[in-house]
file start_8.txt (compact mmCIF, C-alpha atoms and all ligand atoms)
# COMPACT_ATOMS: atom_id res chain seq x y z
CA MET A 1 -0.18 -36.61 55.01
CA ASP A 2 -1.51 -38.21 58.18
CA ALA A 3 -1.62 -41.96 58.59
CA SER A 4 -5.42 -42.20 58.71
CA ALA A 5 -5.71 -40.47 55.31
CA VAL A 6 -3.17 -42.93 53.86
CA THR A 7 -5.08 -45.85 55.36
CA GLU A 8 -8.28 -44.55 53.82
CA LEU A 9 -6.71 -44.12 50.38
CA LYS A 10 -5.08 -47.53 50.68
CA GLY A 11 -8.52 -49.02 51.27
CA ALA A 12 -9.83 -47.28 48.16
CA LEU A 13 -6.85 -48.56 46.14
CA GLU A 14 -7.32 -52.12 47.36
CA ALA A 15 -11.04 -52.05 46.55
CA GLU A 16 -10.30 -50.73 43.06
CA ARG A 17 -7.56 -53.34 42.65
CA GLU A 18 -9.99 -56.16 43.45
CA ARG A 19 -12.50 -54.77 40.99
CA LEU A 20 -9.87 -54.58 38.23
CA VAL A 21 -8.57 -58.09 38.89
CA ALA A 22 -12.14 -59.43 38.57
CA GLU A 23 -12.66 -57.37 35.42
CA ILE A 24 -9.46 -58.67 33.80
CA GLU A 25 -10.38 -62.26 34.69
CA GLU A 26 -13.72 -61.69 33.02
CA TYR A 27 -12.04 -60.41 29.84
CA GLU A 28 -9.71 -63.40 29.81
CA ARG A 29 -12.62 -65.79 30.18
CA GLU A 30 -14.61 -64.02 27.46
CA GLY A 31 -11.59 -63.99 25.21
CA GLN A 32 -11.25 -67.74 25.46
CA GLU A 33 -14.94 -68.24 24.78
CA THR A 34 -14.77 -65.93 21.77
CA LEU A 35 -11.81 -67.80 20.37
CA SER A 36 -13.50 -71.18 20.78
CA ASP A 37 -16.71 -69.78 19.19
CA VAL A 38 -14.79 -68.56 16.17
CA SER A 39 -13.01 -71.87 15.65
CA GLY A 40 -16.27 -73.82 16.16
CA GLU A 41 -17.90 -76.01 13.54
CA ASN A 42 -20.46 -73.48 12.29
CA ASN A 43 -21.50 -73.48 8.64
CA TYR A 44 -19.43 -71.23 6.45
CA ARG A 45 -21.72 -68.17 6.12
CA ASP A 46 -22.64 -68.01 9.80
CA HIS A 47 -19.05 -68.60 10.59
CA MET A 48 -17.92 -65.54 8.63
CA ALA A 49 -20.59 -63.31 10.20
CA ASP A 50 -19.80 -64.52 13.68
CA GLN A 51 -16.15 -64.12 13.09
CA GLY A 52 -16.57 -60.47 12.13
CA SER A 53 -18.59 -59.51 15.18
CA ALA A 54 -16.57 -61.77 17.46
CA THR A 55 -13.36 -60.18 16.23
CA PHE A 56 -14.79 -56.72 16.82
CA ALA A 57 -15.96 -57.68 20.32
CA ARG A 58 -12.60 -59.24 21.07
CA GLU A 59 -10.71 -56.15 19.90
CA LEU A 60 -12.89 -53.96 22.08
CA ASP A 61 -12.32 -56.31 25.01
CA MET A 62 -8.59 -56.25 24.42
CA THR A 63 -8.58 -52.44 24.45
CA LEU A 64 -10.58 -52.37 27.68
CA GLU A 65 -8.47 -55.17 29.11
CA GLY A 66 -5.32 -53.21 28.29
CA GLN A 67 -6.70 -50.14 30.06
CA ALA A 68 -7.68 -52.25 33.07
CA ARG A 69 -4.17 -53.76 33.20
CA GLU A 70 -2.59 -50.32 33.00
CA SER A 71 -4.81 -49.07 35.86
CA LEU A 72 -3.94 -52.19 37.85
CA ALA A 73 -0.21 -51.56 37.36
CA GLN A 74 -0.65 -47.96 38.55
CA ILE A 75 -2.53 -49.12 41.62
CA ASP A 76 0.16 -51.70 42.40
CA ARG A 77 2.80 -48.97 42.17
CA ALA A 78 0.75 -46.76 44.49
CA LEU A 79 0.42 -49.60 47.02
CA THR A 80 4.19 -50.17 46.81
CA ARG A 81 4.76 -46.47 47.49
CA ILE A 82 2.49 -46.67 50.52
CA ASP A 83 4.65 -49.52 51.87
CA GLU A 84 7.82 -47.57 51.10
CA GLY A 85 6.45 -44.42 52.72
CA THR A 86 6.81 -42.36 49.54
CA TYR A 87 3.10 -42.27 48.76
CA GLY A 88 1.62 -38.82 48.30
CA THR A 89 4.81 -37.25 46.93
CA CYS A 90 5.38 -36.56 43.25
CA ALA A 91 7.51 -39.27 41.61
CA ARG A 92 9.20 -36.62 39.48
CA CYS A 93 9.78 -33.48 41.55
CA GLY A 94 9.16 -34.83 45.06
CA ALA A 95 6.52 -32.22 45.88
CA ALA A 96 3.61 -33.26 48.06
CA ILE A 97 0.57 -34.22 46.00
CA PRO A 98 -2.50 -32.40 47.41
CA ARG A 99 -4.81 -34.63 49.34
CA GLU A 100 -7.81 -33.56 47.22
CA ARG A 101 -5.97 -34.84 44.15
CA LEU A 102 -5.24 -38.18 45.84
CA GLU A 103 -8.84 -38.51 46.89
CA ALA A 104 -9.94 -37.99 43.28
CA VAL A 105 -7.12 -40.10 41.82
CA PRO A 106 -5.67 -42.33 44.58
CA GLU A 107 -3.11 -43.87 42.19
CA ALA A 108 -1.71 -40.45 41.14
CA GLU A 109 2.09 -40.58 40.87
CA LEU A 110 2.74 -37.01 39.78
CA CYS A 111 1.73 -33.63 41.13
CA VAL A 112 -0.61 -31.60 38.93
CA SER A 113 2.13 -29.48 37.34
CA CYS A 114 4.33 -32.50 36.46
CA LYS A 115 1.29 -34.32 35.11
CA GLU A 116 0.37 -31.36 32.93
CA ARG A 117 3.93 -31.07 31.69
CA GLU A 118 3.95 -34.78 30.82
CA GLU A 119 0.66 -34.53 28.92
CA SER A 120 1.72 -31.46 26.97
CA VAL A 121 4.85 -33.20 25.60
ZN ZN A 201 5.88 -32.89 40.43
call {"tool": "encode", "arguments": {"input": "start_8.txt", "output": "structure tokens"}}
result
Amino acid sequence: MDASAVTELKGALEAERERLVAEIEEYEREGQETLSDVSGENNYRDHMADQGSATFARELDMTLEGQARESLAQIDRALTRIDEGTYGTCARCGAAIPRERLEAVPEAELCVSCKEREESV
């Protein structure tokens, strides 16, 4: 893959990375607020109702936060591979990952056939 394509994809990865870092920070901040709300000095009945919805919201946030962290880790690995010069090749079989695939999924680590094999296991 030519250097300008890598530079372009690196830009996309860095932009996505920034977005995810901001998103995770937001979840962390919300999580702290939720926890302090739940432990607040509300009266008992309100407290129970709040706790239920707050717990649900927190669980949803934690799921989304987990997904964001996983995406962030993938992007970090992709950026590392760019630095190492191994970006754009399949981490499993070493085949070149098609540029169209990288444009759709810049953090892709596997070629399509390895990815499909992994998902079918
Ligand atoms: Zn492969």
call {"tool": "residues_around", "arguments": {"input": "start_8.txt", "residues": "Glu59 in chain A", "least_positions_apart": "6", "cutoff": "10 Å", "atoms": "all atoms listed in the file", "output": "mmCIF file with C-alpha atoms, keeping the file's coordinate frame"}}
result
data_model
loop_
_atom_site.group_PDB
_atom_site.id
_atom_site.type_symbol
_atom_site.label_atom_id
_atom_site.label_comp_id
_atom_site.auth_asym_id
_atom_site.auth_seq_id
_atom_site.Cartn_x
_atom_site.Cartn_y
_atom_site.Cartn_z
ATOM 1 C CA GLY A 31 -11.590 -63.990 25.210
ATOM 2 C CA SER A 53 -18.590 -59.510 15.180
ATOM 3 C CA GLU A 65 -8.470 -55.170 29.110
#
call {"tool": "closest_atom_pairs", "arguments": {"input": "start_8.txt", "of": "chain A", "to": "ligand ZN 201 (chain A)", "cutoff": "9 Å", "atoms": "only C-alpha atoms and all ligand atoms", "output": "Markdown table"}}
result
| residue | atom | partner | partner_atom | distance |
| --- | --- | --- | --- | --- |
| A:Thr89 | CA | A:ZN201 | ZN | 7.9 |
| A:Cys90 | CA | A:ZN201 | ZN | 4.7 |
| A:Ala91 | CA | A:ZN201 | ZN | 6.7 |
| A:Arg92 | CA | A:ZN201 | ZN | 5.1 |
| A:Cys93 | CA | A:ZN201 | ZN | 4.1 |
| A:Gly94 | CA | A:ZN201 | ZN | 6.0 |
| A:Ala95 | CA | A:ZN201 | ZN | 5.5 |
| A:Ala96 | CA | A:ZN201 | ZN | 8.0 |
| A:Ile97 | CA | A:ZN201 | ZN | 7.8 |
| A:Glu109 | CA | A:ZN201 | ZN | 8.6 |
| A:Leu110 | CA | A:ZN201 | ZN | 5.2 |
| A:Cys111 | CA | A:ZN201 | ZN | 4.3 |
| A:Val112 | CA | A:ZN201 | ZN | 6.8 |
| A:Ser113 | CA | A:ZN201 | ZN | 5.9 |
| A:Cys114 | CA | A:ZN201 | ZN | 4.3 |
| A:Lys115 | CA | A:ZN201 | ZN | 7.2 |
call {"tool": "residues_around", "arguments": {"input": "start_8.txt", "residues": "Glu18 in chain A", "least_positions_apart": "4", "cutoff": "12 Å", "atoms": "only C-alpha atoms", "output": "list in words"}}
result
Gly11, Ala12, Leu13, Glu14, Ala22, Glu23, Ile24, Glu25, Ala68, Ser71, Leu72, Ile75 and Asp76 of chain A
call {"tool": "atom_distance", "arguments": {"input": "start_8.txt", "atom1": "CA of Ala57 in chain A", "atom2": "CA of Glu30 in chain A"}}
result
9.6 Å
call {"tool": "residues_around", "arguments": {"input": "start_8.txt", "residues": "Tyr87 in chain A", "least_positions_apart": "4", "cutoff": "7 Å", "atoms": "only C-alpha atoms", "output": "PDB file with C-alpha atoms, keeping the file's coordinate frame"}}
result
ATOM      1  CA  ALA A  78       0.750 -46.760  44.490  1.00  0.00           C
ATOM      2  CA  ARG A  81       4.760 -46.470  47.490  1.00  0.00           C
ATOM      3  CA  ILE A  82       2.490 -46.670  50.520  1.00  0.00           C
TER       4      ILE A  82
END
call {"tool": "atom_distance", "arguments": {"input": "start_8.txt", "atom1": "CA of Arg117 in chain A", "atom2": "CA of Arg101 in chain A"}}
result
16.4 Å
call {"tool": "closest_residue", "arguments": {"input": "start_8.txt", "among": "A:Gly52, A:Glu28, A:Leu20, A:Val105", "to": "Gln67 in chain A", "atoms": "all atoms listed in the file"}}
result
A:Leu20
call {"tool": "closest_residue", "arguments": {"input": "start_8.txt", "among": "A:Leu9, A:Arg77, A:Ala54, A:Ser120", "to": "Gln32 in chain A", "atoms": "only C-alpha atoms"}}
result
A:Ala54
call {"tool": "atom_distance", "arguments": {"input": "start_8.txt", "atom1": "CA of Arg17 in chain A", "atom2": "CA of Val121 in chain A"}}
result
29.2 Å
call {"tool": "closest_residue", "arguments": {"input": "start_8.txt", "among": "A:Gln51, A:Met62, A:Leu79, A:Glu26", "to": "Ala108 in chain A", "atoms": "all atoms listed in the file"}}
result
A:Leu79
call {"tool": "closest_residue", "arguments": {"input": "start_8.txt", "among": "A:Arg58, A:Arg99, A:Arg69, A:Arg29", "to": "Ala5 in chain A", "atoms": "all atoms listed in the file"}}
result
A:Arg99
